[in-house]
Amino acid sequence: MSSLAKVMSKFRLAVVQLQVSSVKADNLSRVRRLVKEAAGGGGQVVLLPECFNSPYGTSFFPSYAEKIPGESTQVLSEAAKENKVYLVGGSIPEEDGGKLYNSCTVFGPDGEMILKHRKIHLFDIDVPGKIRFQESETLSPGDSLSMFETPFCKVGVGICYDIRFAELAQIYSRKGCQLLVYPGAFNMTTGPAHWELLQRGRALDNQVYVATASPARDESASYVAWGHSTVVNPWGEVVSKAGPEEAIIYANIDLQYLSDIRQQIPITAQRRDDLYAVTSTQEGSG
């Protein structure tokens, strides 16, 4: 392997677990500061949490929603360009054509937007005595898969509840993604039960790296996020994990290690495509 190939086979991922307040300007200011800090720590790809500019909740989405491009995505564009990073901008409530979406934008080191992913699977759950939440009361679902290229590897994007749907991760992996990112805000019921388990499952099943970014926990919020942003390797091991508080965590993504794992346990070559298949009908930057 050439020295350049060795360099390109590894890169540093930074995950920002942001403390989100009800003041949008404060959230955006904090994003600028923490993206700069993440880049200073060597982060070449930086991941922000779901709903980073707004409290999470159906009552907040309409009043915090923006067009894309808009105020929040302008901040993301500038932060990516100033720090020369690939910036996965968590998500914000997006307004478009009278509908609201939970949308993730990705910016390159030149400040240009290279992807927009609208949350495909809306978080509509009812766990009696614990939590009921219906995103569909205000949000509309996205209708496309979302992947983007970096000089290091191809990356697949999902948002929070999207991680529960194994087919999405399988398709991303089959299409060449080696890193899957899920900005998310699991709660105090689903977080301790499923947050890490789902990430390890997606990573292990598909022999990919999986990274999640949660808002920091705010016990006074109407919706309390679990926190614990995490990076999992293709062996299913947690390689970096935050606590509940605001933090930046880092992980070295080693694509040679990923390749080694795939050679040692060659599930891709051993799939019985004559018996089963998972296929996509839509993809793009929707």
# chains A, B, ... in the order shown; residues from 1 in each chain; ligands from 1

call {"tool": "residues_around", "arguments": {"residues": "Gly42 in chain A", "least_positions_apart": "4", "cutoff": "9 Å", "atoms": "only C-alpha atoms", "output": "list in words"}}
result
Phe11, Arg12, Leu13, Ala14, Glu37, Ala38 and Tyr250 of chain A

call {"tool": "write_last_selection", "arguments": {"atoms": "C-alpha atoms", "output": "mmCIF file, in the first residue's frame"}}
result
data_model
loop_
_atom_site.group_PDB
_atom_site.id
_atom_site.type_symbol
_atom_site.label_atom_id
_atom_site.label_comp_id
_atom_site.auth_asym_id
_atom_site.auth_seq_id
_atom_site.Cartn_x
_atom_site.Cartn_y
_atom_site.Cartn_z
ATOM 1 C CA PHE A 11 -9.468 9.546 9.134
ATOM 2 C CA ARG A 12 -10.641 11.162 12.352
ATOM 3 C CA LEU A 13 -14.320 11.526 13.124
ATOM 4 C CA ALA A 14 -15.568 14.030 15.707
ATOM 5 C CA GLU A 37 -12.982 22.822 18.682
ATOM 6 C CA ALA A 38 -13.717 19.501 16.948
ATOM 7 C CA TYR A 250 -13.404 11.359 18.647
#

call {"tool": "select_by_dssp", "arguments": {"residues": "range 36-183 of chain A", "states": "strand (DSSP E or B)", "output": "PyMOL selection string"}}
result
chain A and resi 45-47+66+86-88+92-96+99-107+113-118+124-127+131-134+145+147-149+154-157+177-183

call {"tool": "write_last_selection", "arguments": {"atoms": "N, CA and C atoms", "output": "short mmCIF file (atom, residue, chain, number, x, y, z; two decimals), in the first residue's frame"}}
result
data_model
loop_
_atom_site.label_atom_id
_atom_site.label_comp_id
_atom_site.auth_asym_id
_atom_site.auth_seq_id
_atom_site.Cartn_x
_atom_site.Cartn_y
_atom_site.Cartn_z
N VAL A 45 -14.15 14.78 9.65
CA VAL A 45 -15.60 14.70 9.47
C VAL A 45 -16.22 14.97 10.84
N VAL A 46 -17.16 15.91 10.89
CA VAL A 46 -17.76 16.33 12.16
C VAL A 46 -19.26 16.08 12.09
N LEU A 47 -19.79 15.47 13.13
CA LEU A 47 -21.20 15.09 13.18
C LEU A 47 -21.91 15.83 14.31
N GLU A 66 -37.20 26.26 9.35
CA GLU A 66 -36.58 27.20 8.41
C GLU A 66 -36.62 26.62 7.00
N TYR A 86 -15.68 18.13 6.59
CA TYR A 86 -17.00 17.65 6.16
C TYR A 86 -17.90 17.72 7.39
N LEU A 87 -18.99 18.47 7.28
CA LEU A 87 -19.86 18.71 8.42
C LEU A 87 -21.24 18.10 8.17
N VAL A 88 -21.55 17.09 8.95
CA VAL A 88 -22.88 16.47 8.91
C VAL A 88 -23.74 17.21 9.92
N ILE A 92 -32.43 19.77 11.45
CA ILE A 92 -33.24 20.92 11.86
C ILE A 92 -34.66 20.71 11.33
N PRO A 93 -35.65 21.38 11.93
CA PRO A 93 -36.98 21.37 11.33
C PRO A 93 -36.94 22.23 10.05
N GLU A 94 -37.33 21.63 8.93
CA GLU A 94 -37.32 22.32 7.65
C GLU A 94 -38.74 22.57 7.17
N GLU A 95 -38.98 23.77 6.67
CA GLU A 95 -40.27 24.10 6.05
C GLU A 95 -40.08 24.19 4.55
N ASP A 96 -40.95 23.48 3.82
CA ASP A 96 -40.87 23.51 2.36
C ASP A 96 -42.26 23.24 1.80
N LYS A 99 -45.07 22.17 4.12
CA LYS A 99 -44.84 20.96 4.91
C LYS A 99 -43.59 21.12 5.76
N LEU A 100 -43.54 20.37 6.85
CA LEU A 100 -42.38 20.36 7.72
C LEU A 100 -41.68 19.01 7.63
N TYR A 101 -40.35 19.05 7.66
CA TYR A 101 -39.53 17.84 7.61
C TYR A 101 -38.46 17.93 8.69
N ASN A 102 -37.96 16.77 9.08
CA ASN A 102 -36.79 16.70 9.96
C ASN A 102 -35.61 16.41 9.05
N SER A 103 -34.76 17.41 8.82
CA SER A 103 -33.81 17.34 7.71
C SER A 103 -32.36 17.52 8.15
N CYS A 104 -31.50 16.69 7.57
CA CYS A 104 -30.05 16.75 7.80
C CYS A 104 -29.37 17.27 6.54
N THR A 105 -28.55 18.28 6.68
CA THR A 105 -27.75 18.77 5.56
C THR A 105 -26.27 18.47 5.82
N VAL A 106 -25.54 18.21 4.75
CA VAL A 106 -24.11 17.92 4.84
C VAL A 106 -23.36 18.92 3.97
N PHE A 107 -22.28 19.46 4.53
CA PHE A 107 -21.48 20.47 3.84
C PHE A 107 -20.04 20.00 3.69
N MET A 113 -23.22 22.82 0.11
CA MET A 113 -24.08 21.75 0.57
C MET A 113 -24.01 20.60 -0.43
N ILE A 114 -23.71 19.40 0.07
CA ILE A 114 -23.58 18.25 -0.82
C ILE A 114 -24.69 17.24 -0.63
N LEU A 115 -25.53 17.41 0.37
CA LEU A 115 -26.61 16.45 0.60
C LEU A 115 -27.67 17.04 1.52
N LYS A 116 -28.91 16.63 1.30
CA LYS A 116 -29.99 16.89 2.25
C LYS A 116 -30.77 15.60 2.44
N HIS A 117 -30.84 15.13 3.67
CA HIS A 117 -31.60 13.93 3.99
C HIS A 117 -32.79 14.30 4.86
N ARG A 118 -33.96 13.94 4.41
CA ARG A 118 -35.16 14.11 5.23
C ARG A 118 -35.48 12.79 5.93
N ASP A 124 -43.30 7.69 15.62
CA ASP A 124 -44.66 7.59 16.16
C ASP A 124 -44.72 6.35 17.04
N ILE A 125 -44.61 6.55 18.34
CA ILE A 125 -44.60 5.40 19.25
C ILE A 125 -45.54 5.66 20.42
N ASP A 126 -45.93 4.57 21.07
CA ASP A 126 -46.77 4.66 22.27
C ASP A 126 -46.42 3.50 23.18
N VAL A 127 -45.60 3.79 24.19
CA VAL A 127 -45.23 2.79 25.19
C VAL A 127 -46.04 3.12 26.44
N ILE A 131 -43.92 6.56 27.45
CA ILE A 131 -43.78 7.66 26.49
C ILE A 131 -44.72 7.46 25.31
N ARG A 132 -45.33 8.56 24.90
CA ARG A 132 -46.07 8.62 23.64
C ARG A 132 -45.55 9.80 22.87
N PHE A 133 -45.20 9.61 21.62
CA PHE A 133 -44.68 10.70 20.80
C PHE A 133 -45.09 10.44 19.36
N GLN A 134 -45.61 11.48 18.71
CA GLN A 134 -46.12 11.34 17.34
C GLN A 134 -45.54 12.44 16.45
N LEU A 145 -33.20 7.73 -0.05
CA LEU A 145 -31.97 7.38 0.65
C LEU A 145 -30.94 8.45 0.39
N MET A 147 -26.70 9.32 0.52
CA MET A 147 -25.29 8.96 0.68
C MET A 147 -24.42 10.06 0.10
N PHE A 148 -23.23 10.21 0.63
CA PHE A 148 -22.30 11.19 0.06
C PHE A 148 -20.88 10.65 0.09
N GLU A 149 -20.08 11.16 -0.83
CA GLU A 149 -18.68 10.73 -0.96
C GLU A 149 -17.76 11.72 -0.24
N LYS A 154 -17.35 6.45 1.44
CA LYS A 154 -18.75 6.81 1.20
C LYS A 154 -19.51 6.70 2.51
N VAL A 155 -20.43 7.65 2.75
CA VAL A 155 -21.14 7.74 4.03
C VAL A 155 -22.64 7.69 3.77
N GLY A 156 -23.34 6.88 4.57
CA GLY A 156 -24.79 6.82 4.51
C GLY A 156 -25.40 7.57 5.68
N VAL A 157 -26.52 8.25 5.45
CA VAL A 157 -27.12 9.11 6.46
C VAL A 157 -28.54 8.64 6.81
N CYS A 177 -21.16 2.10 1.27
CA CYS A 177 -20.90 2.94 2.45
C CYS A 177 -20.10 2.15 3.48
N GLN A 178 -19.12 2.81 4.05
CA GLN A 178 -18.30 2.20 5.10
C GLN A 178 -18.51 2.86 6.45
N LEU A 179 -19.19 4.00 6.44
CA LEU A 179 -19.57 4.70 7.66
C LEU A 179 -21.03 5.10 7.55
N LEU A 180 -21.81 4.78 8.58
CA LEU A 180 -23.21 5.22 8.67
C LEU A 180 -23.33 6.20 9.83
N VAL A 181 -23.98 7.33 9.59
CA VAL A 181 -24.15 8.34 10.63
C VAL A 181 -25.63 8.55 10.89
N TYR A 182 -25.96 8.60 12.17
CA TYR A 182 -27.34 8.79 12.60
C TYR A 182 -27.41 9.86 13.68
N PRO A 183 -27.64 11.13 13.32
CA PRO A 183 -28.01 12.08 14.35
C PRO A 183 -29.30 11.59 15.01
#

call {"tool": "closest_residue", "arguments": {"among": "A:Gly57, A:Arg32, A:Cys51, A:Pro234", "to": "Ser77 in chain A", "atoms": "only C-alpha atoms"}}
result
A:Arg32

call {"tool": "closest_atom_pairs", "arguments": {"of": "range 42-121 of chain A", "to": "range 27-30 of chain A", "cutoff": "10 Å", "atoms": "only C-alpha atoms", "output": "Markdown table"}}
result
| residue | atom | partner | partner_atom | distance |
| --- | --- | --- | --- | --- |
| A:Phe52 | CA | A:Asn27 | CA | 6.9 |
| A:Asn53 | CA | A:Asn27 | CA | 5.4 |
| A:Ser54 | CA | A:Asn27 | CA | 7.7 |
| A:Pro55 | CA | A:Asn27 | CA | 9.9 |
| A:Glu71 | CA | A:Leu28 | CA | 9.1 |
| A:Ser72 | CA | A:Leu28 | CA | 6.9 |
| A:Thr73 | CA | A:Leu28 | CA | 9.7 |
| A:Val75 | CA | A:Leu28 | CA | 7.0 |
| A:Leu76 | CA | A:Leu28 | CA | 8.7 |

call {"tool": "atom_distance", "arguments": {"atom1": "CA of Glu135 in chain A", "atom2": "CA of Val238 in chain A"}}
result
29.4 Å

call {"tool": "closest_residue", "arguments": {"among": "A:Val31, A:Val20, A:Leu168, A:Val239", "to": "Gly227 in chain A", "atoms": "only C-alpha atoms"}}
result
A:Val20

call {"tool": "select_by_dssp", "arguments": {"residues": "range 36-280 of chain A", "states": "alpha helix (DSSP H)", "output": "count of residues only"}}
result
57

call {"tool": "residues_around", "arguments": {"residues": "Pro192 in chain A", "least_positions_apart": "5", "cutoff": "9 Å", "atoms": "only C-alpha atoms", "output": "PyMOL selection string"}}
result
chain A and resi 186-187+226

call {"tool": "write_last_selection", "arguments": {"atoms": "all heavy atoms", "output": "mmCIF file, in the first residue's frame"}}
result
data_model
loop_
_atom_site.group_PDB
_atom_site.id
_atom_site.type_symbol
_atom_site.label_atom_id
_atom_site.label_comp_id
_atom_site.auth_asym_id
_atom_site.auth_seq_id
_atom_site.Cartn_x
_atom_site.Cartn_y
_atom_site.Cartn_z
ATOM 1 N N PHE A 186 -32.651 9.690 21.161
ATOM 2 C CA PHE A 186 -33.413 8.690 21.900
ATOM 3 C C PHE A 186 -33.731 9.258 23.282
ATOM 4 O O PHE A 186 -33.026 10.123 23.790
ATOM 5 C CB PHE A 186 -32.615 7.383 22.013
ATOM 6 C CG PHE A 186 -32.803 6.449 20.843
ATOM 7 C CD1 PHE A 186 -32.868 6.928 19.545
ATOM 8 C CD2 PHE A 186 -32.901 5.079 21.046
ATOM 9 C CE1 PHE A 186 -33.027 6.071 18.456
ATOM 10 C CE2 PHE A 186 -33.054 4.207 19.966
ATOM 11 C CZ PHE A 186 -33.130 4.702 18.678
ATOM 12 N N ASN A 187 -34.790 8.758 23.881
ATOM 13 C CA ASN A 187 -35.269 9.303 25.153
ATOM 14 C C ASN A 187 -34.873 8.410 26.329
ATOM 15 O O ASN A 187 -34.126 7.443 26.166
ATOM 16 C CB ASN A 187 -36.792 9.500 25.080
ATOM 17 C CG ASN A 187 -37.500 8.206 24.703
ATOM 18 O OD1 ASN A 187 -37.497 7.239 25.452
ATOM 19 N ND2 ASN A 187 -38.079 8.175 23.502
ATOM 20 N N TRP A 226 -31.414 11.011 25.861
ATOM 21 C CA TRP A 226 -30.557 10.067 26.574
ATOM 22 C C TRP A 226 -29.093 10.491 26.525
ATOM 23 O O TRP A 226 -28.326 10.264 27.460
ATOM 24 C CB TRP A 226 -30.733 8.680 25.952
ATOM 25 C CG TRP A 226 -29.822 7.594 26.411
ATOM 26 C CD1 TRP A 226 -28.984 6.846 25.634
ATOM 27 C CD2 TRP A 226 -29.666 7.075 27.742
ATOM 28 N NE1 TRP A 226 -28.303 5.906 26.386
ATOM 29 C CE2 TRP A 226 -28.714 6.027 27.686
ATOM 30 C CE3 TRP A 226 -30.230 7.396 28.981
ATOM 31 C CZ2 TRP A 226 -28.324 5.302 28.810
ATOM 32 C CZ3 TRP A 226 -29.841 6.679 30.105
ATOM 33 C CH2 TRP A 226 -28.902 5.650 30.018
#

call {"tool": "residues_around", "arguments": {"residues": "Pro49 in chain A", "least_positions_apart": "2", "cutoff": "9 Å", "atoms": "only C-alpha atoms", "output": "list in words"}}
result
Val15, Val16, Gln17, Leu18, Leu47, Cys51, Phe52, Val88, Gly89, Gly90, Ser91, Tyr182, Pro183, Gly184, Ala185, Thr212, Ala213, Ser214, Pro215, Ala216 and Ser229 of chain A

call {"tool": "atom_distance", "arguments": {"atom1": "CA of Asp273 in chain A", "atom2": "CA of Asp143 in chain A"}}
result
25.7 Å

call {"tool": "closest_residue", "arguments": {"among": "A:Ala166, A:Ile267, A:Ala225, A:Leu198", "to": "Glu50 in chain A", "atoms": "only C-alpha atoms"}}
result
A:Ala225

call {"tool": "atom_distance", "arguments": {"atom1": "CA of Ser240 in chain A", "atom2": "CA of Gly191 in chain A"}}
result
16.6 Å

call {"tool": "closest_residue", "arguments": {"among": "A:Lys10, A:His121, A:Gln270, A:Gly97", "to": "Ile68 in chain A", "atoms": "only C-alpha atoms"}}
result
A:Gly97

call {"tool": "closest_residue", "arguments": {"among": "A:Gly98, A:Ile249, A:Asn233, A:Thr189", "to": "Gly129 in chain A", "atoms": "only C-alpha atoms"}}
result
A:Thr189

call {"tool": "residues_around", "arguments": {"residues": "Tyr161 in chain A", "least_positions_apart": "2", "cutoff": "7 Å", "atoms": "only C-alpha atoms", "output": "PyMOL selection string"}}
result
chain A and resi 121-123+159+163-164

call {"tool": "decode", "arguments": {"residues": "range 51-65 of chain A", "atoms": "all heavy atoms", "output": "compact mmCIF listing (two decimals), in the first residue's frame"}}
result
# COMPACT_ATOMS: atom_id res chain seq x y z
N CYS A 51 -31.85 17.78 15.63
CA CYS A 51 -32.55 18.96 16.16
C CYS A 51 -31.62 19.84 17.00
O CYS A 51 -31.90 20.16 18.15
CB CYS A 51 -33.75 18.50 16.99
SG CYS A 51 -35.25 19.45 16.70
N PHE A 52 -30.50 20.25 16.38
CA PHE A 52 -29.48 20.99 17.14
C PHE A 52 -29.84 22.46 17.33
O PHE A 52 -29.27 23.13 18.18
CB PHE A 52 -28.11 20.88 16.45
CG PHE A 52 -27.99 21.64 15.17
CD1 PHE A 52 -27.69 22.99 15.16
CD2 PHE A 52 -28.19 21.02 13.95
CE1 PHE A 52 -27.58 23.71 13.98
CE2 PHE A 52 -28.08 21.72 12.76
CZ PHE A 52 -27.79 23.07 12.78
N ASN A 53 -30.75 22.99 16.52
CA ASN A 53 -31.07 24.43 16.63
C ASN A 53 -32.36 24.69 17.37
O ASN A 53 -32.78 25.83 17.52
CB ASN A 53 -31.13 25.06 15.23
CG ASN A 53 -32.36 24.62 14.43
OD1 ASN A 53 -33.03 23.64 14.78
ND2 ASN A 53 -32.65 25.33 13.36
N SER A 54 -33.00 23.64 17.87
CA SER A 54 -34.36 23.75 18.41
C SER A 54 -34.57 22.70 19.49
O SER A 54 -34.02 21.60 19.40
CB SER A 54 -35.36 23.51 17.27
OG SER A 54 -36.62 23.09 17.75
N PRO A 55 -35.38 23.01 20.51
CA PRO A 55 -35.80 21.93 21.40
C PRO A 55 -36.54 20.86 20.59
O PRO A 55 -37.18 21.17 19.58
CB PRO A 55 -36.75 22.62 22.38
CG PRO A 55 -36.41 24.08 22.29
CD PRO A 55 -35.95 24.31 20.88
N TYR A 56 -36.43 19.62 21.02
CA TYR A 56 -37.09 18.53 20.30
C TYR A 56 -38.53 18.39 20.79
O TYR A 56 -38.77 18.23 21.98
CB TYR A 56 -36.33 17.22 20.51
CG TYR A 56 -36.88 16.08 19.70
CD1 TYR A 56 -36.56 15.93 18.37
CD2 TYR A 56 -37.76 15.16 20.28
CE1 TYR A 56 -37.08 14.89 17.61
CE2 TYR A 56 -38.29 14.12 19.53
CZ TYR A 56 -37.95 13.99 18.20
OH TYR A 56 -38.47 12.97 17.46
N GLY A 57 -39.47 18.46 19.86
CA GLY A 57 -40.87 18.29 20.23
C GLY A 57 -41.79 18.83 19.15
O GLY A 57 -41.46 19.82 18.48
N THR A 58 -42.93 18.19 18.98
CA THR A 58 -43.85 18.60 17.91
C THR A 58 -44.36 20.02 18.10
O THR A 58 -44.69 20.69 17.13
CB THR A 58 -45.05 17.63 17.84
OG1 THR A 58 -45.66 17.53 19.13
CG2 THR A 58 -44.60 16.25 17.40
N SER A 59 -44.40 20.48 19.34
CA SER A 59 -44.87 21.85 19.58
C SER A 59 -43.84 22.89 19.17
O SER A 59 -44.18 24.05 18.93
CB SER A 59 -45.23 22.04 21.06
OG SER A 59 -44.08 21.87 21.88
N PHE A 60 -42.56 22.46 19.05
CA PHE A 60 -41.49 23.40 18.70
C PHE A 60 -41.22 23.45 17.20
O PHE A 60 -40.76 24.47 16.68
CB PHE A 60 -40.19 23.02 19.42
CG PHE A 60 -40.27 23.06 20.92
CD1 PHE A 60 -40.32 21.88 21.65
CD2 PHE A 60 -40.32 24.26 21.61
CE1 PHE A 60 -40.40 21.89 23.03
CE2 PHE A 60 -40.40 24.29 22.99
CZ PHE A 60 -40.44 23.10 23.71
N PHE A 61 -41.46 22.35 16.50
CA PHE A 61 -41.07 22.26 15.10
C PHE A 61 -41.60 23.40 14.24
O PHE A 61 -40.85 24.01 13.47
CB PHE A 61 -41.47 20.91 14.51
CG PHE A 61 -40.80 19.72 15.13
CD1 PHE A 61 -41.46 18.51 15.22
CD2 PHE A 61 -39.51 19.81 15.65
CE1 PHE A 61 -40.85 17.40 15.80
CE2 PHE A 61 -38.89 18.71 16.23
CZ PHE A 61 -39.57 17.50 16.31
N PRO A 62 -42.90 23.75 14.33
CA PRO A 62 -43.40 24.81 13.44
C PRO A 62 -42.72 26.16 13.65
O PRO A 62 -42.43 26.87 12.68
CB PRO A 62 -44.90 24.88 13.78
CG PRO A 62 -45.23 23.52 14.34
CD PRO A 62 -44.01 23.12 15.10
N SER A 63 -42.47 26.53 14.91
CA SER A 63 -41.93 27.87 15.18
C SER A 63 -40.42 27.97 14.93
O SER A 63 -39.90 29.05 14.66
CB SER A 63 -42.24 28.29 16.62
OG SER A 63 -41.75 27.34 17.54
N TYR A 64 -39.72 26.84 14.99
CA TYR A 64 -38.28 26.85 14.75
C TYR A 64 -37.92 26.49 13.31
O TYR A 64 -36.76 26.59 12.92
CB TYR A 64 -37.57 25.88 15.70
CG TYR A 64 -37.41 26.41 17.11
CD1 TYR A 64 -38.46 26.37 18.02
CD2 TYR A 64 -36.20 26.96 17.55
CE1 TYR A 64 -38.33 26.83 19.32
CE2 TYR A 64 -36.04 27.42 18.83
CZ TYR A 64 -37.11 27.37 19.72
OH TYR A 64 -36.98 27.84 21.00
N ALA A 65 -38.90 26.05 12.53
CA ALA A 65 -38.62 25.57 11.18
C ALA A 65 -38.07 26.68 10.28
O ALA A 65 -38.43 27.85 10.42
CB ALA A 65 -39.88 24.98 10.57
